[in-house]
file work-v8.cif (mmCIF, C-alpha atoms)
data_input
#
loop_
_atom_site.label_atom_id
_atom_site.label_comp_id
_atom_site.auth_asym_id
_atom_site.auth_seq_id
_atom_site.Cartn_x
_atom_site.Cartn_y
_atom_site.Cartn_z
CA MET A 1 24.42 -11.61 -1.62
CA CYS A 2 23.21 -8.06 -1.00
CA ILE A 3 20.70 -6.44 -3.31
CA ARG A 4 21.45 -3.29 -5.26
CA ASP A 5 18.31 -1.19 -5.30
CA ARG A 6 17.95 0.84 -8.49
CA TYR A 7 16.02 3.53 -6.62
CA PRO A 8 17.49 6.27 -4.40
CA PRO A 9 18.15 5.26 -0.76
CA GLY A 10 15.85 6.33 2.07
CA ARG A 11 12.29 5.08 2.04
CA ILE A 12 11.66 1.57 0.77
CA HIS A 13 11.04 1.79 -2.97
CA SER A 14 9.66 -0.88 -5.27
CA GLU A 15 7.48 -1.16 -8.32
CA PRO A 16 4.05 -0.09 -7.11
CA ASP A 17 2.11 -2.22 -9.60
CA LYS A 18 3.69 -5.32 -8.03
CA ASP A 19 3.11 -4.68 -4.34
CA VAL A 20 0.57 -1.88 -3.98
CA ARG A 21 -2.67 -1.79 -5.95
CA ARG A 22 -5.73 0.40 -5.66
CA LEU A 23 -9.01 -1.49 -5.58
CA ALA A 24 -12.33 0.27 -5.08
CA GLY A 25 -10.58 3.32 -3.65
CA ARG A 26 -8.73 1.26 -1.03
CA GLU A 27 -5.00 0.73 -1.15
CA GLN A 28 -4.47 -3.03 -1.17
CA LEU A 29 -1.18 -4.51 -0.06
CA THR A 30 0.06 -7.72 -1.58
CA SER A 31 3.06 -9.86 -0.72
CA PRO A 32 4.49 -12.10 -3.46
CA GLY A 33 5.86 -15.30 -1.93
CA ARG A 34 5.65 -16.38 1.70
CA THR A 35 7.04 -14.03 4.36
CA VAL A 36 7.89 -15.13 7.90
CA PHE A 37 7.58 -12.28 10.41
CA LEU A 38 10.01 -12.80 13.28
CA TYR A 39 9.10 -11.49 16.74
CA PRO A 40 10.46 -12.23 20.23
CA GLY A 41 8.23 -14.02 22.73
CA GLU A 42 4.61 -15.13 22.83
CA ALA A 43 3.19 -11.72 23.76
CA ARG A 44 2.03 -11.02 20.23
CA ARG A 45 0.33 -14.39 19.76
CA GLU A 46 -1.57 -13.76 22.98
CA ARG A 47 -2.67 -10.36 21.70
CA ILE A 48 -3.57 -11.30 18.16
CA SER A 49 -7.26 -12.07 18.67
CA GLY A 50 -7.77 -8.80 20.57
CA ALA A 51 -5.86 -6.83 17.94
CA LYS A 52 -8.01 -8.30 15.16
CA ALA A 53 -11.14 -7.45 17.16
CA GLY A 54 -9.97 -3.90 17.76
CA THR A 55 -9.73 -4.32 21.53
CA ARG A 56 -5.93 -4.24 21.54
CA PRO A 57 -3.48 -2.10 19.55
CA LYS A 58 -1.98 -3.42 16.31
CA GLU A 59 1.28 -1.52 15.91
CA PHE A 60 3.66 -4.12 17.33
CA PHE A 61 2.65 -6.58 14.62
CA TYR A 62 4.48 -4.24 12.21
CA GLY A 63 2.01 -4.63 9.34
CA TYR A 64 1.55 -8.41 9.60
CA LEU A 65 -2.17 -8.18 10.41
CA GLU A 66 -2.97 -6.00 7.40
CA LEU A 67 -1.06 -8.25 5.02
CA GLU A 68 -2.79 -11.31 6.46
CA SER A 69 -6.24 -9.69 6.20
CA GLN A 70 -5.67 -9.03 2.51
CA GLY A 71 -4.74 -12.63 1.78
CA ALA A 72 -0.97 -12.30 1.63
CA SER A 73 1.06 -15.42 2.40
CA VAL A 74 2.48 -14.47 5.80
CA THR A 75 3.18 -16.30 9.03
CA MET A 76 4.82 -15.59 12.39
CA ALA A 77 7.67 -17.32 14.22
CA ASP A 78 8.77 -16.83 17.83
CA THR A 79 12.45 -15.88 18.05
CA HIS A 80 12.50 -16.96 21.71
CA THR A 81 11.83 -20.59 20.78
CA ASP A 82 14.22 -22.96 22.57
CA PRO A 83 16.15 -25.44 20.42
CA GLN A 84 15.21 -29.10 20.73
CA ARG A 85 18.47 -30.71 19.66
CA THR A 86 20.95 -31.33 22.47
CA ALA A 87 23.87 -29.82 20.57
CA ASP A 88 21.91 -26.61 19.91
CA SER A 89 20.80 -26.43 23.54
CA TRP A 90 24.42 -26.58 24.68
CA ARG A 91 25.37 -24.01 22.06
CA MET A 92 22.64 -21.68 23.34
CA GLN A 93 23.91 -21.92 26.92
CA LEU A 94 27.37 -20.90 25.73
CA GLU A 95 25.84 -18.07 23.71
CA ILE A 96 23.93 -16.84 26.76
CA LEU A 97 27.17 -16.76 28.73
CA ARG A 98 28.97 -14.93 25.92
CA ASN A 99 26.13 -12.42 25.56
CA SER A 100 26.15 -11.66 29.30
CA ILE A 101 29.87 -10.97 29.11
CA CYS A 102 29.60 -8.90 25.92
CA ARG A 103 26.40 -7.06 26.94
CA VAL A 104 25.25 -7.54 23.34
CA GLY A 105 23.24 -10.61 22.39
CA TRP A 106 22.87 -12.87 19.37
CA SER A 107 22.23 -16.58 19.01
CA ARG A 108 22.63 -18.95 16.08
CA ALA A 109 20.97 -21.64 18.21
CA ARG A 110 17.76 -19.57 18.28
CA VAL A 111 17.77 -19.46 14.47
CA SER A 112 18.32 -23.22 14.39
CA ALA A 113 15.25 -23.68 16.61
CA ILE A 114 12.95 -22.15 13.98
CA ALA A 115 14.92 -23.10 10.87
CA GLY A 116 12.04 -25.30 9.71
CA ALA A 117 9.58 -22.38 9.80
CA LEU A 118 12.10 -20.16 8.00
CA SER A 119 12.74 -22.75 5.29
CA ASP A 120 9.00 -22.89 4.61
CA GLY A 121 9.10 -19.21 3.62
CA ASP A 122 10.68 -17.20 0.84
CA THR A 123 11.54 -14.16 3.00
CA ALA A 124 12.58 -13.99 6.66
CA LEU A 125 11.75 -10.58 8.16
CA SER A 126 13.26 -9.79 11.58
CA PHE A 127 12.28 -6.79 13.74
CA ASN A 128 14.74 -7.28 16.60
CA ASP A 129 18.40 -6.17 16.74
CA GLY A 130 19.69 -9.37 18.32
CA PHE A 131 17.78 -11.73 16.08
CA SER A 132 18.65 -9.71 12.97
CA MET A 133 22.31 -10.23 13.91
CA SER A 134 21.62 -13.92 14.53
CA LEU A 135 19.90 -14.28 11.17
CA GLY A 136 22.85 -12.67 9.43
CA LEU A 137 25.39 -14.88 11.19
CA TYR A 138 23.50 -18.10 10.43
CA PRO A 139 25.19 -20.10 7.63
CA ARG A 140 23.85 -19.25 4.21
CA ASP A 141 23.72 -22.88 3.09
CA ALA A 142 21.61 -23.82 6.13
CA LEU A 143 18.71 -21.71 4.82
CA PRO A 144 19.09 -21.99 1.06
CA GLY A 145 16.91 -19.69 -0.98
CA VAL A 146 15.60 -17.69 1.98
CA TYR A 147 15.81 -13.92 1.48
CA ARG A 148 17.02 -12.41 4.77
CA ILE A 149 15.90 -8.96 5.91
CA GLY A 150 17.13 -7.65 9.25
CA GLY A 151 15.59 -4.70 11.09
CA PHE A 152 17.39 -2.69 13.75
CA MET A 153 16.08 -0.35 16.45
CA GLY A 154 19.54 0.98 17.34
CA LEU A 155 22.34 -0.72 15.39
CA SER A 156 24.78 2.13 16.01
CA ASP A 157 24.39 1.70 19.80
CA LEU A 158 25.41 -1.96 19.93
CA VAL A 159 29.20 -1.55 19.95
CA PRO A 160 29.21 1.31 22.52
CA ARG A 161 26.97 -0.86 24.72
CA ALA A 162 29.50 -3.73 24.72
CA ARG A 163 32.25 -4.02 27.32
CA THR A 164 35.26 -1.99 26.18
CA PRO A 165 37.69 -4.93 25.73
CA LEU A 166 35.12 -6.76 23.58
CA GLN A 167 33.97 -3.91 21.35
CA SER A 168 36.21 -4.92 18.44
CA TYR A 169 34.87 -8.48 18.68
CA VAL A 170 31.27 -7.23 18.65
CA ARG A 171 31.99 -4.89 15.73
CA ARG A 172 33.39 -7.79 13.68
CA ALA A 173 30.33 -9.93 14.47
CA ILE A 174 27.99 -7.12 13.38
CA SER A 175 29.96 -6.58 10.16
CA ALA A 176 29.79 -10.29 9.34
CA ALA A 177 26.04 -10.35 10.00
CA LEU A 178 25.36 -7.32 7.82
CA LYS A 179 27.30 -8.80 4.90
CA ASN A 180 25.12 -11.91 5.03
CA LEU A 181 21.79 -10.05 5.13
CA ASP A 182 20.09 -9.30 1.82
CA HIS A 183 18.58 -6.06 3.12
CA VAL A 184 18.84 -3.98 6.30
CA PHE A 185 16.18 -1.58 7.54
CA PHE A 186 16.11 0.92 10.38
CA PHE A 187 13.49 2.58 12.55
CA GLY A 188 15.35 5.90 12.60
CA GLU A 189 17.10 7.88 9.87
CA PRO A 190 19.99 9.05 12.12
CA ASP A 191 20.77 5.42 13.01
CA ARG A 192 20.60 4.44 9.34
CA LYS A 193 23.06 7.15 8.31
CA GLN A 194 25.45 6.45 11.17
CA ALA A 195 25.46 2.67 10.65
CA THR A 196 25.86 3.06 6.89
CA SER A 197 28.98 5.13 7.51
CA VAL A 198 30.45 2.99 10.30
CA TYR A 199 29.94 -0.38 8.60
CA GLY A 200 30.45 0.72 5.01
CA LEU A 201 26.98 -0.36 3.92
CA ASP A 202 25.78 0.22 0.41
CA PRO A 203 22.97 2.78 0.96
CA ALA A 204 20.87 0.88 -1.59
CA GLN A 205 20.98 -2.12 0.74
CA THR A 206 19.30 -0.07 3.49
CA SER A 207 15.93 1.58 4.03
CA LEU A 208 13.78 3.27 6.64
CA PHE A 209 10.75 1.56 8.16
CA ASP A 210 7.88 3.98 8.78
CA PHE A 211 6.71 3.15 12.30
CA GLY A 212 3.18 4.14 13.24
CA VAL A 213 0.57 3.47 15.91
CA ASP A 214 -3.00 2.22 15.91
CA THR A 215 -5.02 5.45 15.81
CA ALA A 216 -8.24 3.45 16.01
CA TYR A 217 -7.17 2.23 19.46
CA TRP A 218 -5.08 5.13 20.82
CA THR A 219 -7.71 7.88 20.78
CA PRO A 220 -8.63 10.84 22.97
CA ASP A 221 -11.50 10.59 25.42
CA ARG A 222 -13.15 13.99 25.53
CA ASP A 223 -15.18 12.97 28.58
CA ALA A 224 -12.17 11.92 30.66
CA ALA A 225 -11.13 14.48 33.26
CA THR A 226 -7.45 15.47 33.27
CA GLU A 227 -5.83 14.57 36.58
CA ASP A 228 -2.89 16.22 38.29
CA PHE A 229 -0.13 13.78 37.42
CA VAL A 230 2.60 13.44 34.81
CA LEU A 231 3.10 10.00 33.24
CA SER A 232 6.27 8.29 31.99
CA VAL A 233 6.19 4.83 30.37
CA GLY A 234 8.75 2.46 28.86
CA SER A 235 11.19 -0.35 29.59
CA ASP A 236 13.93 -0.21 27.00
CA PRO A 237 17.40 0.35 28.50
CA SER A 238 17.72 3.74 26.81
CA ARG A 239 15.17 5.31 29.18
CA ASP A 240 16.68 7.97 31.45
CA TYR A 241 14.55 7.75 34.57
CA ALA A 242 17.45 8.98 36.68
CA SER A 243 17.03 12.44 35.15
CA LEU A 244 13.28 12.34 35.63
CA VAL A 245 13.38 11.45 39.33
CA SER A 246 16.07 14.12 39.81
CA ALA A 247 13.95 16.82 38.17
CA PRO A 248 12.76 19.57 40.53
CA SER A 249 9.52 18.52 42.19
CA SER A 250 6.38 19.88 40.59
CA GLY A 251 3.52 17.54 41.43
CA GLN A 252 2.87 13.83 41.12
CA ILE A 253 4.85 11.71 38.65
CA ARG A 254 3.80 8.15 37.73
CA VAL A 255 6.32 5.81 36.08
CA VAL A 256 5.34 2.51 34.44
CA THR A 257 8.38 0.34 33.67
CA ARG A 258 10.11 -2.99 34.28
CA LEU A 259 13.44 -1.17 34.70
CA PRO A 260 14.81 -0.56 38.19
CA VAL A 261 14.19 3.04 39.20
CA SER A 262 15.96 4.45 42.22
CA VAL A 263 13.62 7.02 43.74
CA PRO A 264 15.05 9.33 46.42
CA LYS A 265 13.47 8.71 49.80
CA ASP A 266 12.18 12.27 50.00
CA ARG A 267 10.38 12.07 46.61
CA HIS A 268 6.96 10.99 47.81
CA ASP A 269 5.49 12.53 44.66
CA ILE A 270 6.95 9.73 42.44
CA LYS A 271 5.11 6.41 42.07
CA VAL A 272 6.63 3.51 40.10
CA SER A 273 4.51 0.61 38.75
CA ALA A 274 5.76 -2.49 36.92
CA GLY A 275 4.60 -3.11 33.38
CA SER A 276 5.56 -3.36 29.72
CA PHE A 277 4.36 -4.77 26.39
CA TYR A 278 6.15 -8.06 27.02
CA ALA A 279 5.34 -8.61 30.71
CA ASN A 280 2.27 -6.62 31.50
CA GLY A 281 1.65 -5.41 34.99
CA ILE A 282 -0.81 -3.05 33.32
CA SER A 283 -3.33 -3.71 30.58
CA ASP A 284 -3.55 -1.82 27.29
CA ASP A 285 -6.85 -0.31 28.38
CA ALA A 286 -5.38 0.83 31.69
CA LEU A 287 -2.40 2.38 29.91
CA ARG A 288 -4.70 4.17 27.48
CA HIS A 289 -6.69 5.51 30.42
CA LEU A 290 -3.47 6.84 31.98
CA TYR A 291 -2.55 8.57 28.72
CA ARG A 292 -5.99 10.11 28.45
CA THR A 293 -6.08 11.44 32.00
CA ALA A 294 -2.46 12.52 32.50
CA LEU A 295 -1.56 16.18 32.54
CA ALA A 296 1.33 15.30 30.22
CA VAL A 297 3.49 12.36 29.16
CA VAL A 298 7.27 12.59 29.65
CA VAL A 299 9.66 10.50 27.56
CA PRO A 300 13.21 10.87 29.00
CA VAL A 301 15.92 8.98 27.07
CA HIS A 302 19.70 8.81 26.95
CA ASP A 303 21.70 10.26 24.06
CA VAL A 304 21.60 7.17 21.83
CA TRP A 305 21.16 6.57 18.09
CA GLN A 306 18.04 4.51 18.72
CA PRO A 307 14.79 6.46 18.25
CA SER A 308 13.96 5.41 21.80
CA GLY A 309 10.53 6.30 23.11
CA GLN A 310 8.83 6.82 19.77
CA SER A 311 6.03 4.31 20.44
CA VAL A 312 5.07 5.97 23.74
CA THR A 313 5.41 9.42 22.18
CA PHE A 314 3.11 8.50 19.29
CA GLN A 315 0.58 6.66 21.48
CA ALA A 316 0.32 9.56 23.91
CA MET A 317 -0.04 12.11 21.10
CA ALA A 318 -2.73 9.96 19.47
CA CYS A 319 -4.58 10.15 22.79
CA GLY A 320 -4.39 13.94 22.66
CA ARG A 321 -1.81 14.37 25.41
CA ALA A 322 0.96 16.95 25.53
CA VAL A 323 4.35 15.22 25.34
CA ILE A 324 7.72 16.26 26.78
CA ALA A 325 10.46 14.37 24.95
CA THR A 326 14.25 14.25 25.11
CA ARG A 327 15.93 15.38 21.90
CA ASN A 328 18.67 12.76 21.52
CA LYS A 329 20.92 12.12 18.50
CA GLY A 330 18.56 9.39 17.29
CA PHE A 331 15.45 11.54 17.69
CA CYS A 332 12.73 10.44 15.27
CA ARG A 333 11.45 12.89 12.67
CA PRO A 334 12.64 16.30 13.91
CA ASP A 335 10.94 17.72 10.82
CA LEU A 336 7.54 16.68 12.18
CA LEU A 337 7.98 16.76 15.98
CA VAL A 338 8.69 20.42 16.64
CA ASP A 339 9.34 22.06 20.01
CA GLY A 340 6.52 24.40 20.99
CA GLU A 341 4.31 23.35 18.08
CA ASN A 342 3.19 19.79 18.88
CA CYS A 343 5.46 18.83 21.80
CA LEU A 344 8.09 20.17 24.18
CA LEU A 345 11.69 19.06 23.61
CA VAL A 346 14.46 19.11 26.23
CA PRO A 347 18.19 18.24 26.11
CA CYS A 348 19.49 14.83 27.18
CA GLY A 349 20.51 14.31 30.80
CA ASN A 350 19.09 17.61 31.99
CA PRO A 351 16.80 17.21 35.05
CA GLU A 352 16.38 20.98 35.37
CA ALA A 353 15.04 21.28 31.82
CA LEU A 354 12.64 18.38 32.44
CA GLY A 355 11.38 20.05 35.61
CA ASN A 356 10.96 23.39 33.84
CA ALA A 357 8.95 21.80 31.02
CA ILE A 358 6.66 20.05 33.51
CA ARG A 359 6.16 23.28 35.47
CA GLN A 360 5.43 25.12 32.22
CA LEU A 361 2.57 22.76 31.39
CA ARG A 362 1.22 22.86 34.94
CA ALA A 363 1.17 26.64 34.87
CA ASN A 364 -0.35 26.90 31.41
CA PRO A 365 -3.18 24.39 30.75
CA GLU A 366 -3.96 26.16 27.46
CA LEU A 367 -0.47 25.29 26.20
CA GLY A 368 -1.01 21.63 27.07
CA ASP A 369 -4.35 21.61 25.25
CA ARG A 370 -2.82 23.23 22.17
CA LEU A 371 0.11 20.82 22.07
CA GLY A 372 -2.24 17.88 22.60
CA ARG A 373 -4.47 18.87 19.69
CA ALA A 374 -1.50 19.51 17.39
CA GLY A 375 0.14 16.24 18.38
CA TYR A 376 -3.07 14.35 17.69
CA GLU A 377 -3.24 15.76 14.16
CA THR A 378 0.45 15.01 13.56
CA ILE A 379 0.03 11.34 14.44
CA ARG A 380 -3.11 10.88 12.37
CA ASN A 381 -1.52 12.52 9.34
CA HIS A 382 1.98 11.05 9.50
CA PHE A 383 2.29 8.12 11.93
CA SER A 384 -0.77 5.94 11.47
CA LEU A 385 -0.77 2.21 10.72
CA GLU A 386 -1.30 2.95 7.03
CA HIS A 387 2.31 4.14 6.66
CA MET A 388 3.69 1.14 8.53
CA ASN A 389 1.57 -1.30 6.54
CA LYS A 390 3.06 0.05 3.32
CA SER A 391 6.58 -0.44 4.67
CA ALA A 392 5.78 -4.03 5.64
CA ALA A 393 4.30 -4.77 2.21
CA ARG A 394 7.30 -3.36 0.40
CA LEU A 395 9.73 -5.34 2.51
CA SER A 396 7.70 -8.49 1.92
CA ALA A 397 7.79 -7.83 -1.84
CA MET A 398 11.46 -6.89 -1.92
CA ARG A 399 12.68 -10.34 -2.88
CA THR A 400 10.55 -10.17 -6.02
CA THR A 401 11.32 -6.57 -6.93
CA ALA A 402 15.05 -7.16 -6.35
CA GLY A 403 14.97 -10.07 -8.76
CA ALA A 404 16.07 -12.59 -6.14
#
call {"tool": "encode", "arguments": {"input": "work-v8.cif", "output": "structure tokens"}}
result
Amino acid sequence: MCIRDRYPPGRIHSEPDKDVRRLAGREQLTSPGRTVFLYPGEARRERISGAKAGTRPKEFFYGYLELESQGASVTMADTHTDPQRTADSWRMQLEILRNSICRVGWSRARVSAIAGALSDGDTALSFNDGFSMSLGLYPRDALPGVYRIGGFMGLSDLVPRARTPLQSYVRRAISAALKNLDHVFFFGEPDRKQATSVYGLDPAQTSLFDFGVDTAYWTPDRDAATEDFVLSVGSDPSRDYASLVSAPSSGQIRVVTRLPVSVPKDRHDIKVSAGSFYANGISDDALRHLYRTALAVVVPVHDVWQPSGQSVTFQAMACGRAVIATRNKGFCRPDLLVDGENCLLVPCGNPEALGNAIRQLRANPELGDRLGRAGYETIRNHFSLEHMNKSAARLSAMRTTAGA
């Protein structure tokens, strides 16, 4: 059963006296009931002690750490847990085969593997497109009483990503999943609007999650000397490294990704290193050092509904770097990220424009410094962890405020 929010759609709204209280001048977040935060893989568990100590960034816990620190009843579950029952293991193998054919993935067997952890909670909160679909497709009577909230990075991109003959099948699966979720949230407003239209969602069933970055970790280093290289980071499939490596040469370019990047043999100025949040070939500290010393950070993406590249964009800006970003149809917060004011924006799939923007910053260091300072202020004012923590608290409290 889907909730019907009595507040206008958009940001997550709830009764502030129930989930946000001010104590001694500090905004305290509370979470009625027990919320299970659902993440893929063990990478977060390995990072949790460092994040709590301030030696690793906190943003990819999506507000969990703040809720936990304030005594809220929250726990984590790994959505990559393998099922133990033989029947579920066989089911998962068939699902893996189906997903490879479809090019879009979901797995009821994965939900089965952590059903015990989910049943121990009142709210299941998923931050991954595939697992949010899986959670929605899991039988309602198998998790009685659990309030299901699914988050999507790029819901509107899933059907176009599927093989053409199977797109109708994938669309039906998505529609069925959405109908069985109690609430759906998005990381980008364009994706929310598009998906609401395509799938006929009640806007009151949807909301926007305010993503932010750890501005206590991603900080400028005024003593670090700027070096003569441009940096590009990221491993989601929406990255457009083909356009970057085709951009007219204008000095050294360093790319950090797990994606395959085909570099022309004559482009000796391009260096590719393996690394990502999930399978690090580079540490957080090393990545922060690259941000701090790069001439600029380039975020090339395809024209998708996903707000691809926003974490790298925000991290680099928080470190005081000038950012060149692709303005795609899912571009995050065009009201706050403005070309020529706190970043440089270029069209999708345009190597010439990328090359021109890089040359512009190389030729005008004062422009890079100005954009870096403005970007830093933008992140601190609008994209800090505080905003994300509020979103997490309101989602955690939604079961109570919705009267579930």
call {"tool": "atom_distance", "arguments": {"input": "work-v8.cif", "atom1": "atom CA of A:Ser235", "atom2": "atom CA of A:Val256"}}
result
8.1 Å
call {"tool": "closest_residue", "arguments": {"input": "work-v8.cif", "among": "A:Gly251, A:Gly63, A:Pro334, A:Gly372", "to": "A:Asp228", "atoms": "all atoms listed in the file"}}
result
A:Gly251
call {"tool": "closest_residue", "arguments": {"input": "work-v8.cif", "among": "A:Ala393, A:Ala294, A:Val111, A:Ala51", "to": "A:Ala216", "atoms": "all atoms listed in the file"}}
result
A:Ala51
call {"tool": "resolve_selection", "arguments": {"input": "work-v8.cif", "expression": "the PyMOL selection byres ((chain A and resi 326-330) around 8)", "output": "list of chain:residue names"}}
result
A:Gly188, A:Glu189, A:Pro190, A:Asp191, A:Val299, A:Pro300, A:Val301, A:His302, A:Asp303, A:Val304, A:Trp305, A:Gln306, A:Pro307, A:Ser308, A:Ile324, A:Ala325, A:Phe331, A:Cys332, A:Leu345, A:Val346, A:Pro347, A:Cys348
call {"tool": "write_last_selection", "arguments": {"input": "work-v8.cif", "atoms": "C-alpha atoms", "output": "mmCIF file, keeping the file's coordinate frame"}}
result
data_model
loop_
_atom_site.group_PDB
_atom_site.id
_atom_site.type_symbol
_atom_site.label_atom_id
_atom_site.label_comp_id
_atom_site.auth_asym_id
_atom_site.auth_seq_id
_atom_site.Cartn_x
_atom_site.Cartn_y
_atom_site.Cartn_z
ATOM 1 C CA GLY A 188 15.350 5.900 12.600
ATOM 2 C CA GLU A 189 17.100 7.880 9.870
ATOM 3 C CA PRO A 190 19.990 9.050 12.120
ATOM 4 C CA ASP A 191 20.770 5.420 13.010
ATOM 5 C CA VAL A 299 9.660 10.500 27.560
ATOM 6 C CA PRO A 300 13.210 10.870 29.000
ATOM 7 C CA VAL A 301 15.920 8.980 27.070
ATOM 8 C CA HIS A 302 19.700 8.810 26.950
ATOM 9 C CA ASP A 303 21.700 10.260 24.060
ATOM 10 C CA VAL A 304 21.600 7.170 21.830
ATOM 11 C CA TRP A 305 21.160 6.570 18.090
ATOM 12 C CA GLN A 306 18.040 4.510 18.720
ATOM 13 C CA PRO A 307 14.790 6.460 18.250
ATOM 14 C CA SER A 308 13.960 5.410 21.800
ATOM 15 C CA ILE A 324 7.720 16.260 26.780
ATOM 16 C CA ALA A 325 10.460 14.370 24.950
ATOM 17 C CA PHE A 331 15.450 11.540 17.690
ATOM 18 C CA CYS A 332 12.730 10.440 15.270
ATOM 19 C CA LEU A 345 11.690 19.060 23.610
ATOM 20 C CA VAL A 346 14.460 19.110 26.230
ATOM 21 C CA PRO A 347 18.190 18.240 26.110
ATOM 22 C CA CYS A 348 19.490 14.830 27.180
#
call {"tool": "atom_distance", "arguments": {"input": "work-v8.cif", "atom1": "atom CA of A:Ser73", "atom2": "atom CA of A:Met388"}}
result
17.9 Å
call {"tool": "resolve_selection", "arguments": {"input": "work-v8.cif", "expression": "the PyMOL selection byres ((chain A and resi 75-87) around 6)", "output": "ChimeraX atom specification"}}
result
/A:36-41,74,88-90,113
call {"tool": "resolve_selection", "arguments": {"input": "work-v8.cif", "expression": "the PyMOL selection byres ((chain A and resi 249) around 8)", "output": "PyMOL selection string"}}
result
chain A and resi 247-248+250-251+267+269+355
call {"tool": "residues_near_point", "arguments": {"input": "work-v8.cif", "point": "(16.3, 6.2, 43.7)", "cutoff": "10 Å", "atoms": "all atoms listed in the file", "output": "list in words"}}
result
Tyr241, Ala242, Val245, Ser246, Pro260, Val261, Ser262, Val263, Pro264, Lys265, Asp266 and Arg267 of chain A
call {"tool": "closest_residue", "arguments": {"input": "work-v8.cif", "among": "A:Pro365, A:Phe61, A:Gly212, A:Ile96", "to": "A:Glu46", "atoms": "only C-alpha atoms"}}
result
A:Phe61
call {"tool": "atom_distance", "arguments": {"input": "work-v8.cif", "atom1": "atom CA of A:Ala115", "atom2": "atom CA of A:Leu137"}}
result
13.3 Å
call {"tool": "closest_atom_pairs", "arguments": {"input": "work-v8.cif", "of": "stretch 188-241 of chain A", "to": "stretch 150-172 of chain A", "cutoff": "9 Å", "atoms": "only C-alpha atoms", "output": "CSV"}}
result
residue,atom,partner,partner_atom,distance
A:Gly188,CA,A:Met153,CA,7.4
A:Asp191,CA,A:Ser156,CA,6.0
A:Arg192,CA,A:Leu155,CA,8.1
A:Gln194,CA,A:Ser156,CA,6.5
A:Ala195,CA,A:Ser156,CA,5.4
A:Val198,CA,A:Ser156,CA,8.1
A:Tyr199,CA,A:Arg171,CA,8.7
A:Phe209,CA,A:Gly151,CA,8.4
